[in-house]
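A quick write-up on the structure given underneath.
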Number of protein chains: 4
Amino acid sequence: MKIGFIGLGQMGSAIAANLLAAGHELSVWNRSPEKAQPLVDTGARLAASPADAAQGEVVMTLLADDAALEAVVYGANGILGSPALHVSHSTISIALAERLTADQSDGFVSAPVFGRPAAAQGAKLFVAAAGDGKALDLCEPLFAAIGQRTFRIGDHPPAANLVKLSGNFMIMAAVEAMAEAMTLAEKGGVPPAVLLEVLTGTLFDAPVYHSYGAILLEQKFRPAGFAAPLGLKDMGLADAAATTFKVPMPILGIVRDHLRAVIAQEGDDIDWAATALAVRRAAGLG
Amino acid sequence: MKIGFIGLGQMGSAIAANLLAAGHELSVWNRSPEKAQPLVDTGARLAASPADAAQGEVVMTLLADDAALEAVVYGANGILGSPALHVSHSTISIALAERLTADQSDGFVSAPVFGRPAAAQGAKLFVAAAGDGKALDLCEPLFAAIGQRTFRIGDHPPAANLVKLSGNFMIMAAVEAMAEAMTLAEKGGVPPAVLLEVLTGTLFDAPVYHSYGAILLEQKFRPAGFAAPLGLKDMGLADAAATTFKVPMPILGIVRDHLRAVIAQEGDDIDWAATALAVRRAAGLG
Amino acid sequence: MKIGFIGLGQMGSAIAANLLAAGHELSVWNRSPEKAQPLVDTGARLAASPADAAQGEVVMTLLADDAALEAVVYGANGILGSPALHVSHSTISIALAERLTADQSDGFVSAPVFGRPAAAQGAKLFVAAAGDGKALDLCEPLFAAIGQRTFRIGDHPPAANLVKLSGNFMIMAAVEAMAEAMTLAEKGGVPPAVLLEVLTGTLFDAPVYHSYGAILLEQKFRPAGFAAPLGLKDMGLADAAATTFKVPMPILGIVRDHLRAVIAQEGDDIDWAATALAVRRAAGLG
Amino acid sequence: MKIGFIGLGQMGSAIAANLLAAGHELSVWNRSPEKAQPLVDTGARLAASPADAAQGEVVMTLLADDAALEAVVYGANGILGSPALHVSHSTISIALAERLTADQSDGFVSAPVFGRPAAAQGAKLFVAAAGDGKALDLCEPLFAAIGQRTFRIGDHPPAANLVKLSGNFMIMAAVEAMAEAMTLAEKGGVPPAVLLEVLTGTLFDAPVYHSYGAILLEQKFRPAGFAAPLGLKDMGLADAAATTFKVPMPILGIVRDHLRAVIAQEGDDIDWAATALAVRRAAGLG
């Protein structure tokens with residue numbers, strides 16, 4: 001398929017490489033063009049602009065935030081009005097997803113992904129996709145090339161963004177709960193590793209507890225797999241959705257407070273799971 | 001082995017039946033003796049008192065709360081001073097576990113269990129056991145007869161109780177997080193079942209999300225598998241531990257508030273997972 | 001003094017009337033010009049545009065939110081670049097206050113006010129003003145004409161906005177605390193009026209407890225003195241400031257959740273103090 | 001009047017001295033008898049036991065906690081069954097207040113007091129009294145001798161205890177709200193003293209904001225006027241009442257967490273208002 005890919009950060013580059021490897025004809029664009037070089041070296045075409053990358057059947061975008069995606073869609077030489085179907089992988093606000101849906105009424109798919117960079121490289125992402133059924137059918141082989149499973153969330157694109165924000169909230173909630181329980185255990189004389197073994201050996205045998213549990217045990221928060229300020233941004237988007245839809249979410253309030261706390265205490269370069277540090281310190285642990 | 005079992009509620013009766021089936025010589029005692037009848041009919045001896053049930057190698061207790069266990073240990077004809085090793089399966093306060101440890105210095109094992117009545121019947125419980133190593137060795141075949149796996153928590157018995165309270169807290173935290181996310185999804189136009197499928201299909205593929213997720217989807221809170229007042233009691237014990245060890249636990253505060261709320265709104269006969277109802281109602285859902 | 005006034009809602013009209021009564025030469029502008037008529041009838045000049053209202057020494061603005069103030073300052077025929085000193089009474093975001101400070105470096109005073117419409121009519125507002133000292137001196141007689149007291153917050157205009165947001169947060173926090181205590185009292189058999197009498201008769205003898213206490217006792221939440229959606233907007237601005245400055249504010253999280261709750265349950269036309277209803281309902285009261 | 005006074009800590013000694021100064025015939029008792037000496041030196045009689053102190057018309061008790069009061073009432077030579085009307089000034093649990101009411105059906109007044117030691121010395125306490133109307137009439141001159149005002153809470157003694165716990169909760173809530181707002185101000189560039197001046201100069205002109213505001217500004221948390229562990233105990237009693245009456249109280253959860261935090265960080269000898277330190281540290285301030 002003739003496709004474009006815009007946004008070549010760590011995640012985007014890995015995804016684009018998998019699309020290329022799957023045999024698709026790929027045009028790429030990035031604000032800092034040097035990031036496109038490795039892909040160009042392996043066969044991608046360097047597009048002259050976002051619009052230029054959107055002349056094929058599909059153009060996929062994966063940008064850092066609302067502002068970056070808005071620039072690529074609505075800015076000079078943006079993709080708005082281009083022939084390609086826009087497939088957005090970014091984690092953005094529900095408000096922007098609604099606007100993109102309204103403004104691209106002839107075709108828009110929202111398809112945020114779950115997974116860290118290693119999963120992107122291994123084509124092991126999870127894709128949560130929402131949009132018109134035929135558009136989703138068209139994307140099916142593309143999603144298959146980048147992920148291990150695609151979930152269809154319905155025909156209204158912003159629904160996929162809400163699922164993504166909910167998922168990230170659930171991760172932060174699990175980290176907070178583990179941090180509270182492990183701190184209680186430690187101060188009460190139970191080695192946190194023992195508690196974690198019981199949890200993951202019983203009702204909590206899920207990747208989120210295994211992976212984040214290990215991070216909490218080792219207190220390995222640098223280098224950041226997903227930096228706390230990005231986590232705070234995402235939780236801010238979830239909070240905005242909670243305001244729009246009028247949903248009290250007290251755990252969300254807690255995790256946002258702890259993200260603020262750990263950034264205040266440790267700076268911007270720490271992993272979002274370091275909310276556990278805020279929990280420990282509040283309990284007088286180092 | 002010659003053993004005693006005290007406390008024949010739904011859980012205790014199921015455990016005792018499995019011990020009997022495993023070939024142990026069993027004496028049983030319950031405050032309301034009629035509950036002992038099915039076990040007596042299948043070969044157990046009806047003990048005349050708690051002390052009478054504690055004349056063998058091991059006496060196991062599974063009572064509803066601190067007061068009930070105190071009565072059986074310290075009351076008239078209590079097991080204190082009896083020859084049997086006391087193995088306590090009850091979910092009790094850390095303070096009482098400490099007291100029992102001090103008063104039974106020649107032998108005490110704390111071994112609370114994880115699992116609902118069906119798991120008890122199927123000998124599929126998880127046992128978290130703490131105490132002297134030789135005492136734990138002695139109990140090994142007994143635990144094998146009632147559960148699928150035993151976790152050794154160390155040699156200080158109250159540690160096992162802290163693990164149990166932490167585990168129950170983790171369950172309530174997961175229910176609260178799911179309830180918040182599913183309510184956000186529902187009000188934002190995403191069917192909660194779709195969100196749950198994504199969660200359990202990705203990072204949250206653990207029994208706690210599968211089983212409680214289904215309960216939340218169906219809003220099936222009656223009959224109660226574990227009644228909200230018992231949940232509130234357990235969370236109160238966790239709160240007491242948090243006070244003793246000086247650990248701030250904001251999610252614990254939230255789940256205790258929501259247990260109070262749902263009992264206030266619905267009465268005592270509702271499942272502890274109905275905290276999700278409190279979340280829904282706060283968001284204006286029925 | 002020759003002054004302009006932009007934004008003639010309930011508060012703005014009352015303030016402008018007091019400026020007129022104090023003998024100032026007043027030009028007024030409002031998006032819906034009919035609201036200017038009563039002031040024109042009593043001697044004000046109807047300005048043709050925001051810029052036209054900003055040809056005197058001072059132009060005061062009191063708009064509903066960031067967007068409305070931005071339109072008046074940066075929009076067509078906006079006041080940016082006009083000769084008058086801009087004095088902003090609006091409750092706006094810290095981010096916009098920073099932008100206005102940067103863009104109006106030759107003169108900008110931020111002077112949000114505390115008080116309900118009746119206080120505005122009676123010239124009994126409190127003014128929290130920040131900006132250049134000479135500019136504040138110039139405003140002194142204007143503030144004296146509309147309020148009972150002016151607090152100088154320093155020379156950086158956004159500081160006054162932060163004080164305003166903090167003050168509104170403190171009101172919501174006091175309402176929440178009273179609601180929790182009065183609900184506890186009621187369910188525990190103590191008439192809330194008795195509790196309130198003890199509180200206001202001892203350590204809590206302050207207007208916030210007298211006025212909001214009476215509202216809570218009577219549960220008189222309609223018509224709204226200050227509507228819950230406006231309160232939620234203001235608390236959102238406080239939350240944005242907390243994110244910018246990295247300050248965990250758990251009570252803020254609670255009051256935002258309860259504002260969402262009561263709007264979900266009751267609609268938009270209810271007073272912000274109706275967060276107390278959310279507290280009551282969570283406790284099973286009607 | 002012939003009265004007894006039991007419990008001669010800092011508060012009790014000051015109250016007893018005022019009763020003596022008012023001309024009453026006073027018997028005193030304290031577990032550590034040396035604390036009674038100053039009162040004996042000025043005319044009080046040293047009672048041989050609690051019961052011995054309860055042979056007059058009224059016996060007043062002011063003990064540290066439930067256990068101490070239970071010992072004095074129900075212990076050896078306790079006041080239970082003595083002819084004197086028991087007037088309890090202690091801050092105790094609702095559960096114990098109910099028990100005392102049931103067991104002293106021929107006369108019991110619960111009359112907890114508000115005020116610090118200096119207020120006790122100056123006979124400036126506030127008394128919240130509940131019990132039979134004639135019994136309250138009898139106590140009127142006694143309360144007048146020790147306080148500036150008496151509030152009648154009704155005829156059910158535990159109601160007065162609920163008012164006391166609610167009042168202490170309200171103090172902690174006000175401290176928490178101030179701490180959050182002052183921390184936001186400080187990190188946002190507004191001197192906390194300026195914010196406090198605006199607050200106490202407007203809607204928050206009440207003793208609780210003046211006195212605790214000054215403590216927070218100076219961060220003067222030692223020596224403790226009221227030690228954090230005592231505050232945590234009182235908030236635990238409020239929490240127990242919230243559980244009994246099924247009232248969600250999220251601010252109570254926060255202040256309990258912050259009391260745990262500051263005791264964990266600072267030890268037992270710090271003032272309860274140091275919850276503000278926990279707030280500051282969570283925001284990365286020293």
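In the structure tokens, chains take letters A, B, ... by order of appearance, with residues numbered from 1 within each chain and ligands from 1 in the order shown.
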Kindly determine which residues of chain B lie within 9 Å of chain D, considering only C-alpha atoms, and give the answer as a list in words.
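That gives Leu232, Gly236, Ala242, Thr243, Thr244, Phe245, Lys246, Val247, Pro248, Met249, Pro250, Leu252, Gly253, Ile254, Arg256, Asp257, His258, Leu259, Arg260, Ala261, Val262, Ile263 and Ala264 of chain B for chain B.
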Could you pull out all residues of segment 39-243 of chain B with a DSSP call of helix (DSSP H, G or I) and give them as an MDAnalysis selection string?
chainID B and resid 39:41 50:53 66:74 94:103 117:121 133:146 158:187 192:201 207:218 228:243
One decimal, Å: what's the distance from atom CA of Pro192 of chain B over to atom CA of Ile92 of chain A, could you say?
->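 So the two atoms, atom CA of Pro192 of chain B and atom CA of Ile92 of chain A, lie 20.5 Å apart.
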| said: Report as a list in words all protein, DNA and RNA residues lying within 12 Å of Ala71 of chain B, evaluated on only C-alpha atoms, omitting residues in the same chain fewer than 4 positions from it. | reply: Ile6, Gly7, Asn30, Arg31, Ser49, Pro50, Ala51, Thr61, Leu63, Ala64, Asp65, Asp66, Ala67, Gly75, Ala76, Asn77, Gly78, Ile79 and Leu80 of chain B
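Residue nearest Gln148 of chain D, chosen from C:Glu25, C:Thr202, C:Ala17, C:Ala173 and counting only C-alpha atoms: C:Thr202.
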Between B:Ala130, B:His89, B:Gln37, B:Leu138, smallest distance to Lys2 of chain B by only C-alpha atoms belongs to B:Leu138
Enumerate, as a PyMOL selection string, the complete set of residues in segment 122-241 of chain B that a backbone-based DSSP assignment places in strand (DSSP E or B).
chain B and resi 125-130+147-154+227
Next on the checklist: So that I can check the surroundings of Ile270 of chain D, please list as a list in words every protein, DNA and RNA residue that reaches within 10 Å of it, counting only C-alpha atoms and ignoring chain neighbours fewer than 3 positions away.
Outcome noted: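 Residues meeting the cut-off are Lys220, Phe221, Arg222, Pro223, Ala224, Gly225, Phe226, Ala227, Ala228, Pro229, Val262, Ile263, Glu266, Gly267, Ala273, Ala274 and Thr275 of chain D.
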Next, write the just-selected residues to a file, as an mmCIF file, in the first residue's frame, keeping C-alpha atoms as the atom set.
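Now in selection14.cif:
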data_model
loop_
_atom_site.group_PDB
_atom_site.id
_atom_site.type_symbol
_atom_site.label_atom_id
_atom_site.label_comp_id
_atom_site.auth_asym_id
_atom_site.auth_seq_id
_atom_site.Cartn_x
_atom_site.Cartn_y
_atom_site.Cartn_z
ATOM 1 C CA LYS D 220 6.719 27.010 64.355
ATOM 2 C CA PHE D 221 5.755 23.418 65.072
ATOM 3 C CA ARG D 222 7.831 22.859 68.206
ATOM 4 C CA PRO D 223 7.130 22.820 71.047
ATOM 5 C CA ALA D 224 3.835 21.261 70.164
ATOM 6 C CA GLY D 225 0.724 23.042 71.407
ATOM 7 C CA PHE D 226 -1.207 19.890 70.571
ATOM 8 C CA ALA D 227 0.992 17.005 69.530
ATOM 9 C CA ALA D 228 0.467 15.285 66.185
ATOM 10 C CA PRO D 229 -0.061 11.811 67.726
ATOM 11 C CA VAL D 262 4.523 14.149 59.403
ATOM 12 C CA ILE D 263 4.905 11.812 62.369
ATOM 13 C CA GLU D 266 9.427 14.245 62.164
ATOM 14 C CA GLY D 267 8.619 12.099 65.154
ATOM 15 C CA ALA D 273 -0.503 21.721 62.432
ATOM 16 C CA ALA D 274 2.729 20.331 60.980
ATOM 17 C CA THR D 275 0.563 18.483 58.496
#
I'd like the contact shell of Ile94 of chain D - 7 Å cut-off, only C-alpha atoms, skipping same-chain residues fewer than 3 positions apart - returned as an MDAnalysis selection string. chainID D and resid 97:98 158 161:162 241
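Near Val40 of chain A, within 12 Å and counting only C-alpha atoms, sit Leu8, Ser13, Ala16, Ala17, Leu20, Glu25, Leu26, Ser27, Val28, Trp29, Asn30, Pro33, Glu34, Lys35, Arg45, Leu46 and Ala47 of chain A; same-chain residues fewer than 5 positions away were not included.
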Go ahead and dump the residues you just picked, C-alpha atoms, as an mmCIF file, in the first residue's frame.
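This went into result_15.cif:
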data_model
loop_
_atom_site.group_PDB
_atom_site.id
_atom_site.type_symbol
_atom_site.label_atom_id
_atom_site.label_comp_id
_atom_site.auth_asym_id
_atom_site.auth_seq_id
_atom_site.Cartn_x
_atom_site.Cartn_y
_atom_site.Cartn_z
ATOM 1 C CA LEU A 8 9.535 9.935 13.678
ATOM 2 C CA SER A 13 10.490 5.363 13.731
ATOM 3 C CA ALA A 16 7.499 3.073 10.270
ATOM 4 C CA ALA A 17 10.353 0.597 9.983
ATOM 5 C CA LEU A 20 8.524 -0.611 5.414
ATOM 6 C CA GLU A 25 5.594 2.049 -0.152
ATOM 7 C CA LEU A 26 6.416 4.622 2.479
ATOM 8 C CA SER A 27 6.781 8.405 2.477
ATOM 9 C CA VAL A 28 8.017 9.874 5.738
ATOM 10 C CA TRP A 29 8.086 13.354 7.226
ATOM 11 C CA ASN A 30 9.411 14.737 10.477
ATOM 12 C CA PRO A 33 14.365 15.850 8.972
ATOM 13 C CA GLU A 34 17.543 14.131 10.217
ATOM 14 C CA LYS A 35 15.394 11.644 12.100
ATOM 15 C CA ARG A 45 10.881 8.465 0.434
ATOM 16 C CA LEU A 46 11.454 11.766 2.255
ATOM 17 C CA ALA A 47 8.306 13.842 1.872
#
Residue with the minimum atom-to-atom distance to His24 of chain B, picked from B:Met1, B:Ala276, B:Ile171, B:Leu195 with only C-alpha atoms counted, is B:Met1
- [ ] Determine, counting only C-alpha atoms, which protein, DNA and RNA residues have an atom within 8 Å of an atom of Asn18 of chain D; residues of the same chain fewer than 2 positions away are not included. Present the result as a PyMOL selection string.
- [x] chain D and resi 14-16+20-22+121+123+145-146
Computed gap from atom CA of Asp268 of chain C to atom CA of Val127 of chain C is 27.9 Å
